[in-house]
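To be precise, the following lines are my_file33.cif, and they hold mmCIF, C-alpha atoms.
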```
data_run
#
loop_
_atom_site.label_atom_id
_atom_site.label_comp_id
_atom_site.auth_asym_id
_atom_site.auth_seq_id
_atom_site.Cartn_x
_atom_site.Cartn_y
_atom_site.Cartn_z
CA MET A 1 65.77 166.50 -112.98
CA LYS A 2 68.74 164.73 -111.39
CA HIS A 3 68.19 166.87 -108.29
CA LYS A 4 64.56 165.75 -108.02
CA ILE A 5 65.52 162.08 -108.43
CA LEU A 6 68.17 162.46 -105.75
CA VAL A 7 65.69 164.03 -103.35
CA LYS A 8 63.21 161.19 -103.93
CA LEU A 9 65.91 158.56 -103.37
CA LEU A 10 67.00 160.22 -100.14
CA ALA A 11 63.38 160.38 -99.00
CA LEU A 12 62.90 156.69 -99.82
CA VAL A 13 66.05 155.77 -97.91
CA GLY A 14 64.79 157.77 -94.93
CA ILE A 15 61.44 155.94 -94.98
CA ILE A 16 63.14 152.53 -95.17
CA ALA A 17 65.45 153.48 -92.30
CA SER A 18 62.50 154.63 -90.20
CA ILE A 19 60.59 151.42 -90.85
CA SER A 20 63.66 149.38 -89.91
CA LEU A 21 64.02 151.30 -86.66
CA VAL A 22 60.35 150.77 -85.83
CA LEU A 23 60.58 147.05 -86.57
CA ALA A 24 63.77 146.74 -84.57
CA GLY A 25 62.15 148.60 -81.72
CA CYS A 26 59.14 146.30 -81.84
CA GLY A 27 61.34 143.22 -81.74
CA SER A 28 63.34 144.58 -78.83
CA SER A 29 60.21 145.66 -77.02
CA SER A 30 58.62 142.26 -77.53
CA SER A 31 61.67 140.49 -76.16
CA SER A 32 62.30 142.83 -73.23
CA SER A 33 58.66 143.15 -72.29
CA ALA A 34 58.05 139.41 -71.92
CA ASP A 35 58.59 139.67 -68.18
CA SER A 36 56.65 142.92 -67.87
CA ASN A 37 53.63 141.22 -69.49
CA ASN A 38 53.86 138.43 -66.91
CA SER A 39 51.75 139.34 -63.88
CA SER A 40 54.10 137.34 -61.66
CA SER A 41 57.43 138.68 -62.91
CA VAL A 42 59.78 140.22 -60.34
CA GLU A 43 59.13 143.62 -61.91
CA LYS A 44 55.34 143.27 -61.58
CA ILE A 45 55.56 141.89 -58.04
CA LYS A 46 57.70 144.84 -56.93
CA LYS A 47 55.40 147.30 -58.70
CA ARG A 48 52.38 145.67 -57.03
CA GLY A 49 54.19 145.72 -53.69
CA THR A 50 52.92 142.25 -52.73
CA ILE A 51 53.93 138.68 -53.48
CA ARG A 52 51.14 136.08 -53.43
CA VAL A 53 52.32 132.78 -51.94
CA ALA A 54 50.43 129.46 -52.01
CA VAL A 55 50.76 127.64 -48.68
CA PHE A 56 49.10 124.87 -46.70
CA GLY A 57 46.92 125.79 -43.75
CA ASP A 58 46.69 122.41 -42.01
CA LEU A 59 50.13 120.83 -42.26
CA PRO A 60 52.23 121.30 -39.13
CA PRO A 61 55.15 121.82 -38.90
CA TYR A 62 55.39 123.12 -42.49
CA GLY A 63 52.42 125.41 -42.91
CA TRP A 64 49.42 125.82 -40.64
CA VAL A 65 47.40 128.30 -38.62
CA ASN A 66 48.16 128.14 -34.90
CA LYS A 67 45.76 128.67 -31.99
CA ASP A 68 46.40 132.42 -32.13
CA GLY A 69 45.32 132.56 -35.77
CA LYS A 70 48.86 133.16 -37.06
CA ARG A 71 50.40 131.34 -40.00
CA VAL A 72 53.54 129.50 -38.90
CA GLY A 73 55.84 126.74 -40.09
CA TYR A 74 58.97 125.90 -42.08
CA ASP A 75 57.52 126.96 -45.46
CA ILE A 76 55.92 130.05 -43.94
CA THR A 77 59.24 131.26 -42.55
CA LEU A 78 60.81 130.85 -45.99
CA ALA A 79 57.91 132.71 -47.61
CA ARG A 80 58.31 135.67 -45.28
CA LYS A 81 62.06 135.76 -45.94
CA ILE A 82 61.49 135.80 -49.71
CA ALA A 83 59.02 138.68 -49.38
CA LYS A 84 61.43 140.62 -47.18
CA ASP A 85 64.33 140.17 -49.60
CA LEU A 86 62.10 141.23 -52.51
CA GLY A 87 61.14 144.32 -50.52
CA VAL A 88 57.39 143.61 -50.70
CA LYS A 89 54.52 142.57 -48.47
CA ILE A 90 53.21 139.01 -48.47
CA LYS A 91 49.74 137.66 -49.20
CA PHE A 92 49.19 134.03 -48.24
CA VAL A 93 46.79 132.00 -50.39
CA GLN A 94 45.77 128.73 -48.77
CA VAL A 95 45.73 125.70 -51.07
CA ASN A 96 45.27 121.94 -50.96
CA ALA A 97 47.75 119.52 -52.52
CA ASN A 98 45.45 119.01 -55.48
CA ASN A 99 45.11 122.66 -56.56
CA ARG A 100 48.66 123.98 -56.27
CA VAL A 101 49.24 123.89 -60.04
CA ASP A 102 45.84 125.45 -60.75
CA ALA A 103 46.62 128.31 -58.38
CA LEU A 104 49.71 129.15 -60.47
CA ASN A 105 48.12 128.67 -63.87
CA SER A 106 45.09 130.81 -63.00
CA ASN A 107 47.42 133.60 -61.75
CA LYS A 108 46.00 133.46 -58.24
CA VAL A 109 49.52 133.12 -56.82
CA ASP A 110 53.05 134.03 -57.88
CA ILE A 111 54.87 131.15 -56.18
CA VAL A 112 54.02 127.89 -54.40
CA LEU A 113 55.63 127.10 -51.05
CA ALA A 114 53.34 124.29 -49.97
CA ASN A 115 55.65 121.31 -49.40
CA PHE A 116 55.73 120.83 -53.18
CA THR A 117 57.72 117.72 -54.12
CA VAL A 118 59.44 117.74 -57.52
CA THR A 119 58.26 115.00 -59.92
CA PRO A 120 58.74 114.56 -63.69
CA GLU A 121 54.99 115.01 -64.23
CA ARG A 122 54.90 118.26 -62.28
CA LYS A 123 57.98 119.58 -64.10
CA ASP A 124 55.91 119.42 -67.30
CA VAL A 125 53.39 121.94 -65.95
CA VAL A 126 55.35 124.22 -63.56
CA ASP A 127 58.93 125.44 -63.21
CA PHE A 128 60.70 124.34 -60.03
CA ALA A 129 63.47 126.41 -58.45
CA LYS A 130 66.38 124.93 -56.47
CA ALA A 131 65.37 122.40 -53.82
CA TYR A 132 65.43 123.35 -50.13
CA MET A 133 64.38 120.06 -48.53
CA LYS A 134 64.45 116.30 -49.14
CA VAL A 135 61.69 113.81 -48.33
CA SER A 136 60.51 110.24 -48.88
CA VAL A 137 57.10 108.63 -48.67
CA GLY A 138 56.40 106.95 -45.33
CA ILE A 139 53.56 104.81 -43.94
CA VAL A 140 51.85 105.46 -40.61
CA SER A 141 49.56 102.95 -38.91
CA PRO A 142 48.15 102.08 -35.45
CA LYS A 143 50.78 100.77 -33.03
CA ASP A 144 48.63 97.76 -32.15
CA LYS A 145 48.27 96.83 -35.87
CA PRO A 146 51.50 98.12 -37.43
CA ILE A 147 52.15 98.04 -41.16
CA THR A 148 55.85 97.34 -41.62
CA SER A 149 56.01 96.15 -45.23
CA ALA A 150 54.23 97.04 -48.48
CA SER A 151 53.03 93.44 -48.85
CA GLN A 152 50.68 93.99 -45.88
CA LEU A 153 48.84 96.65 -47.89
CA GLN A 154 47.80 94.37 -50.76
CA GLY A 155 44.01 94.39 -51.09
CA LYS A 156 43.69 96.82 -48.16
CA ASN A 157 42.60 100.47 -47.96
CA LEU A 158 45.47 102.95 -47.80
CA ILE A 159 44.68 106.60 -47.07
CA VAL A 160 46.33 109.37 -49.16
CA THR A 161 45.80 113.01 -50.08
CA LYS A 162 44.94 113.73 -53.71
CA GLY A 163 47.75 115.19 -55.78
CA THR A 164 50.57 114.00 -53.52
CA THR A 165 53.66 111.95 -54.30
CA ALA A 166 52.22 109.20 -52.07
CA GLU A 167 49.16 108.92 -54.32
CA ASN A 168 51.33 108.95 -57.45
CA TYR A 169 53.70 106.30 -56.10
CA PHE A 170 51.02 103.81 -55.06
CA THR A 171 48.99 104.41 -58.23
CA SER A 172 51.95 103.57 -60.46
CA LYS A 173 54.06 101.15 -58.39
CA GLN A 174 51.72 99.35 -55.96
CA LYS A 175 48.59 98.68 -57.98
CA GLY A 176 47.29 96.00 -55.65
CA VAL A 177 46.65 98.59 -52.94
CA ASP A 178 43.22 100.23 -52.69
CA LEU A 179 43.55 103.99 -52.24
CA LEU A 180 41.15 106.16 -50.25
CA LYS A 181 41.78 109.70 -51.50
CA PHE A 182 41.04 112.94 -49.65
CA ASP A 183 41.32 116.62 -50.49
CA SER A 184 43.14 117.81 -47.38
CA LYS A 185 45.58 116.66 -44.72
CA THR A 186 42.97 117.18 -42.02
CA GLN A 187 40.54 114.87 -43.81
CA GLN A 188 43.11 112.14 -44.37
CA PHE A 189 44.26 112.01 -40.74
CA ASN A 190 40.66 112.03 -39.52
CA ALA A 191 40.01 109.07 -41.82
CA LEU A 192 42.93 107.19 -40.26
CA LYS A 193 41.63 107.87 -36.76
CA ASN A 194 38.20 106.62 -37.85
CA ASN A 195 39.77 103.34 -39.07
CA ARG A 196 38.76 103.88 -42.69
CA GLY A 197 42.08 102.44 -43.80
CA VAL A 198 44.76 100.18 -42.35
CA ALA A 199 47.40 102.89 -42.85
CA LEU A 200 48.15 106.32 -44.30
CA ALA A 201 50.90 107.27 -46.75
CA ASP A 202 52.47 110.73 -46.93
CA ASP A 203 55.83 112.49 -46.72
CA ASN A 204 57.75 110.76 -43.93
CA SER A 205 59.07 113.95 -42.34
CA TYR A 206 55.72 115.25 -41.19
CA LEU A 207 54.46 111.78 -40.35
CA TYR A 208 57.19 111.79 -37.69
CA ALA A 209 55.78 115.06 -36.39
CA TRP A 210 52.22 113.74 -36.46
CA VAL A 211 52.94 110.56 -34.47
CA LYS A 212 54.73 112.60 -31.83
CA ASN A 213 51.37 114.20 -31.08
CA ASN A 214 49.48 110.95 -31.70
CA PRO A 215 51.51 108.33 -29.79
CA THR A 216 49.12 105.45 -30.47
CA TYR A 217 50.39 105.44 -34.07
CA THR A 218 53.77 104.57 -35.52
CA VAL A 219 55.68 105.16 -38.76
CA GLY A 220 56.11 101.46 -39.51
CA ILE A 221 57.58 102.11 -42.97
CA LYS A 222 59.97 105.05 -42.86
CA ASN A 223 60.91 105.08 -46.54
CA ILE A 224 59.20 103.66 -49.60
CA GLY A 225 59.93 104.65 -53.16
CA PRO A 226 62.68 107.07 -54.27
CA LYS A 227 64.05 109.95 -52.22
CA GLN A 228 62.61 113.21 -53.52
CA TYR A 229 63.04 116.94 -53.14
CA VAL A 230 60.85 119.88 -52.19
CA SER A 231 61.20 123.13 -54.15
CA PRO A 232 59.45 126.44 -54.73
CA ALA A 233 57.36 126.40 -57.91
CA VAL A 234 56.48 129.22 -60.31
CA LYS A 235 54.30 129.35 -63.40
CA LYS A 236 55.78 127.66 -66.46
CA GLY A 237 57.91 130.15 -68.38
CA ASN A 238 58.23 132.71 -65.58
CA LYS A 239 62.01 133.07 -66.03
CA SER A 240 62.18 136.31 -64.06
CA LEU A 241 60.87 134.91 -60.77
CA LEU A 242 62.52 131.52 -61.34
CA ASN A 243 65.98 133.07 -61.74
CA TRP A 244 65.47 135.36 -58.74
CA THR A 245 64.30 132.45 -56.56
CA ASN A 246 67.25 130.26 -57.58
CA LYS A 247 69.64 133.00 -56.52
CA GLU A 248 67.71 133.47 -53.28
CA ILE A 249 67.83 129.76 -52.36
CA LYS A 250 71.57 129.68 -53.08
CA LYS A 251 72.15 132.77 -50.93
CA LEU A 252 70.02 131.45 -48.05
CA ASN A 253 71.92 128.15 -48.14
CA LYS A 254 75.21 129.98 -47.71
CA GLN A 255 73.72 131.92 -44.79
CA SER A 256 72.57 128.65 -43.11
CA PHE A 257 69.01 129.97 -43.22
CA PHE A 258 67.53 126.48 -43.61
CA THR A 259 69.40 125.12 -40.61
CA ASP A 260 68.01 127.98 -38.53
CA ASP A 261 64.56 127.39 -40.01
CA TYR A 262 64.79 123.68 -39.13
CA ASN A 263 65.86 124.41 -35.54
CA SER A 264 63.06 126.93 -34.94
CA GLN A 265 60.18 125.31 -36.84
CA LEU A 266 60.82 121.57 -37.29
CA LYS A 267 63.00 120.40 -34.43
CA PRO A 268 60.35 121.00 -31.73
CA TYR A 269 57.93 118.73 -33.63
CA PHE A 270 60.21 115.83 -34.51
CA GLY A 271 61.31 112.99 -32.31
CA ASP A 272 64.85 111.70 -31.96
CA GLU A 273 64.37 109.59 -35.09
CA VAL A 274 64.82 112.66 -37.27
CA LYS A 275 68.08 114.57 -37.73
CA PRO A 276 68.55 117.89 -39.56
CA SER A 277 70.51 116.06 -42.28
CA ASP A 278 67.40 113.90 -42.93
CA ILE A 279 65.51 116.99 -44.02
CA ILE A 280 67.72 119.86 -45.12
CA LEU A 281 70.17 119.74 -48.00
CA PRO A 282 73.93 120.28 -47.61
CA GLN A 283 74.66 123.94 -46.93
CA LYS A 284 76.76 125.22 -49.84
#
```

Show how you would write the structure in this file as C-alpha cells.
Amino acid sequence: MKHKILVKLLALVGIIASISLVLAGCGSSSSSSADSNNSSSVEKIKKRGTIRVAVFGDLPPYGWVNKDGKRVGYDITLARKIAKDLGVKIKFVQVNANNRVDALNSNKVDIVLANFTVTPERKDVVDFAKAYMKVSVGIVSPKDKPITSASQLQGKNLIVTKGTTAENYFTSKQKGVDLLKFDSKTQQFNALKNNRGVALADDNSYLYAWVKNNPTYTVGIKNIGPKQYVSPAVKKGNKSLLNWTNKEIKKLNKQSFFTDDYNSQLKPYFGDEVKPSDIILPQK
C-alpha cells in the first residue's frame, strides 16, 4: 500500500515538474521571441536578406532621383552603408513627409531615412535612433520681395509641406500666418515659383541648396524656432533594430563617415553660407 502511494506521489511530482518546465519554456519563448515576431527585427531583416528603407525622391541633396535614374543623396548614402553593414540588400520605398509614420506602422518599411526631424509628437508614435544631423526652419522668398522677419508673414500665405517641422512650428507658434500646405517638396517649390505665397518655410539646410540653383530667391530668415535634429526612425517598440542602429550611428561617427558623406553629397550643393559644422554633429 505504502509502495503504491509512493509511486503515485512520485508520478504527481513528475507531472508538476513537467508543467513547470513547459510554463517556464513558454515564458522564455515569449520573451525571446518578441524580436523574431517583429517583421522588422534585425533577425528578420537578415533572414529576409533585404532592408526596406523609406526615403524622399525629390529632395536634393538629401534624397532624390538624378537624371540617370539613380537614387543619390546624403540620406541615401547612409542607407546604403546601413544595408552593407547589416549584410543585406536594400529596397528603397519612396515616401512624402506626411506618410513616413504610416509607412512604418503598416510594415511597409523597416526604417525611415527621409530627413526625419525629431519632435516630441513624433517620439510618441515612432522610436528615433541617435541623431546624425542638425537643422532649423528657414524662410525662402523672392530676392526682389525678401521676407526677413516673421512679422512680415502675418496675414500672408506661407508655403509648407504637410507633416514637416515647418508646418508644426507655424501652426503652434505663428498663428497669424496663413499656411498653404502641399504633399511633396516638388509641389511646394512649384507653388513658390507660381507666386502662390509670399515665402516658403522648410529646413534651412536644403533651402540653401535650393537657392543656389534658383538665384532669384534668397533665404531671408536663416533660423526660426528651435534647433532640431534629424534621426533614423523605426517602428515603436522595435528594440532590436533601434539598438543596432544606435550602435551603427556611434560607430560611423567615430569613423568620420558623416563628414565624408557631407563632403561628397552636401558640399557641392551648398553655398559658402553653410559650413560642415552647421549640419553634422560633433564626431565622437

The PyMOL selection byres ((chain A and resi 262) around 12) resolved against shown file, as a ChimeraX atom specification: /A:61-62,73-78,132-133,205,256-261,263-270,274-281

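In terms of minimum interatomic distance to Asn246 in chain A, A:Ala131 ranks closest within A:Ala131, A:Val211, A:Ile221, A:Val137, counting all atoms listed in the file.
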
Specify as an mmCIF file with C-alpha atoms, in the coordinates of the input each residue included when the PyMOL selection byres ((chain A and resi 216-218) around 6) is applied to this file.
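Just written: part19.cif:
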```cif
data_model
loop_
_atom_site.group_PDB
_atom_site.id
_atom_site.type_symbol
_atom_site.label_atom_id
_atom_site.label_comp_id
_atom_site.auth_asym_id
_atom_site.auth_seq_id
_atom_site.Cartn_x
_atom_site.Cartn_y
_atom_site.Cartn_z
ATOM 1 C CA VAL A 140 51.850 105.460 -40.610
ATOM 2 C CA SER A 141 49.560 102.950 -38.910
ATOM 3 C CA PRO A 142 48.150 102.080 -35.450
ATOM 4 C CA LYS A 143 50.780 100.770 -33.030
ATOM 5 C CA VAL A 211 52.940 110.560 -34.470
ATOM 6 C CA ASN A 214 49.480 110.950 -31.700
ATOM 7 C CA PRO A 215 51.510 108.330 -29.790
ATOM 8 C CA VAL A 219 55.680 105.160 -38.760
ATOM 9 C CA GLY A 220 56.110 101.460 -39.510
#
```

Between CA of Thr245 in chain A and CA of Asn223 in chain A, distance in Å (one decimal):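 Value for the CA of Thr245 in chain A-CA of Asn223 in chain A distance: 29.3 Å.
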
Polymer residues at most 6 Å from range 48-59 of chain A, only C-alpha atoms, same-chain spacing of 3 or more positions, as a PyMOL selection string: chain A and resi 44-45+62-65+88-95+109-114

Given all atoms listed in the file as the counted atoms, nearest of A:Ile224, A:Pro232, A:Ser41, A:Asp202 to Asn115 in chain A: A:Pro232

Interatomic distance (Å, one decimal) between CA of Ala129 in chain A and CA of Asn238 in chain A: 10.9 Å

List every residue of range 23-112 of chain A that has an atom at most 10 Å from any atom of range 155-174 of chain A, and for each one report the closest atom pair and its distance in Å to one decimal, counting all atoms listed in the file, with rows sorted by chain and then by increasing residue number, as JSON lines.
```
{"residue": "A:Asn96", "atom": "CA", "partner": "A:Gly163", "partner_atom": "CA", "distance": 8.7}
{"residue": "A:Ala97", "atom": "CA", "partner": "A:Gly163", "partner_atom": "CA", "distance": 5.4}
{"residue": "A:Asn98", "atom": "CA", "partner": "A:Gly163", "partner_atom": "CA", "distance": 4.5}
{"residue": "A:Asn99", "atom": "CA", "partner": "A:Gly163", "partner_atom": "CA", "distance": 8.0}
{"residue": "A:Arg100", "atom": "CA", "partner": "A:Gly163", "partner_atom": "CA", "distance": 8.9}
{"residue": "A:Val101", "atom": "CA", "partner": "A:Gly163", "partner_atom": "CA", "distance": 9.8}
```

Answer key for the PyMOL selection byres ((chain A and resi 126) around 8), residues as a list in words: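 So the PyMOL selection byres ((chain A and resi 126) around 8), applied here, picks out Val101, Arg122, Lys123, Asp124, Val125, Asp127, Phe128, Ala233, Val234, Lys235 and Lys236 of chain A.
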
Would you mind exporting C-alpha atoms of the selected residues as a compact mmCIF listing (two decimals), in the coordinates of the input?
```txt
# COMPACT_ATOMS: atom_id res chain seq x y z
CA VAL A 101 49.24 123.89 -60.04
CA ARG A 122 54.90 118.26 -62.28
CA LYS A 123 57.98 119.58 -64.10
CA ASP A 124 55.91 119.42 -67.30
CA VAL A 125 53.39 121.94 -65.95
CA ASP A 127 58.93 125.44 -63.21
CA PHE A 128 60.70 124.34 -60.03
CA ALA A 233 57.36 126.40 -57.91
CA VAL A 234 56.48 129.22 -60.31
CA LYS A 235 54.30 129.35 -63.40
CA LYS A 236 55.78 127.66 -66.46
```

Please, which residues are within 10 Å of (45.6, 114.6, -40.7) by the file's coordinates, counting all atoms listed in the file, and could they come as a CSV table (one decimal) with C-alpha atoms, in the coordinates of the input?
```
chain,number,residue,atom,x,y,z
A,58,ASP,CA,46.7,122.4,-42.0
A,59,LEU,CA,50.1,120.8,-42.3
A,60,PRO,CA,52.2,121.3,-39.1
A,160,VAL,CA,46.3,109.4,-49.2
A,161,THR,CA,45.8,113.0,-50.1
A,184,SER,CA,43.1,117.8,-47.4
A,185,LYS,CA,45.6,116.7,-44.7
A,186,THR,CA,43.0,117.2,-42.0
A,187,GLN,CA,40.5,114.9,-43.8
A,188,GLN,CA,43.1,112.1,-44.4
A,189,PHE,CA,44.3,112.0,-40.7
A,190,ASN,CA,40.7,112.0,-39.5
A,191,ALA,CA,40.0,109.1,-41.8
A,192,LEU,CA,42.9,107.2,-40.3
A,193,LYS,CA,41.6,107.9,-36.8
A,200,LEU,CA,48.2,106.3,-44.3
A,207,LEU,CA,54.5,111.8,-40.4
A,210,TRP,CA,52.2,113.7,-36.5
```

CA of Asp272 in chain A to CA of Ser136 in chain A, straight-line distance in Å: 17.5 Å

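Take the candidates A:Ala79, A:Lys70, A:Gly87, A:Ala209 and check each one against Lys47 in chain A using all atoms listed in the file; the shortest distance goes to A:Gly87.
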
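Nearest residue to Ala199 in chain A, choosing from A:Asn253, A:Lys247, A:Val230, A:Asp144 and counting only C-alpha atoms: A:Asp144.
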
Nearest to Glu43 in chain A by atom-to-atom distance, counting only C-alpha atoms, from A:Leu86, A:Val177, A:Val118, A:Leu104: A:Leu86

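With all atoms listed in the file as the atoms that count, the minimum distance from Leu179 in chain A to the choices A:Arg196, A:Lys251, A:Lys81, A:Lys134 is reached by A:Arg196.
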
Output, as AutoDock Vina command-line options, the centre and edge lengths in Å (one decimal) of the axis-aligned box that contains all listed atoms of range 168-175 of chain A with 3 Å of margin on each side.
```
--center_x 51.3 --center_y 103.8 --center_z -57.8 --size_x 11.5 --size_y 16.3 --size_z 11.4
```

Output range 169-184 of chain A from the block with C-alpha atoms, as a CSV table (one decimal), in the first residue's frame?
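Written file, result_24.csv:
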```csv
chain,number,residue,atom,x,y,z
A,169,TYR,CA,6.1,75.4,-35.9
A,170,PHE,CA,3.9,77.9,-37.7
A,171,THR,CA,0.7,76.1,-36.7
A,172,SER,CA,1.6,76.3,-33.0
A,173,LYS,CA,3.8,79.4,-32.7
A,174,GLN,CA,2.8,81.8,-35.5
A,175,LYS,CA,-1.0,81.5,-35.7
A,176,GLY,CA,-1.4,84.7,-37.6
A,177,VAL,CA,0.2,83.2,-40.7
A,178,ASP,CA,-1.9,81.5,-43.4
A,179,LEU,CA,-0.4,78.2,-44.4
A,180,LEU,CA,-0.7,76.7,-47.9
A,181,LYS,CA,0.1,73.0,-47.4
A,182,PHE,CA,1.4,70.6,-50.1
A,183,ASP,CA,2.1,66.9,-50.1
A,184,SER,CA,5.5,67.0,-51.7
```
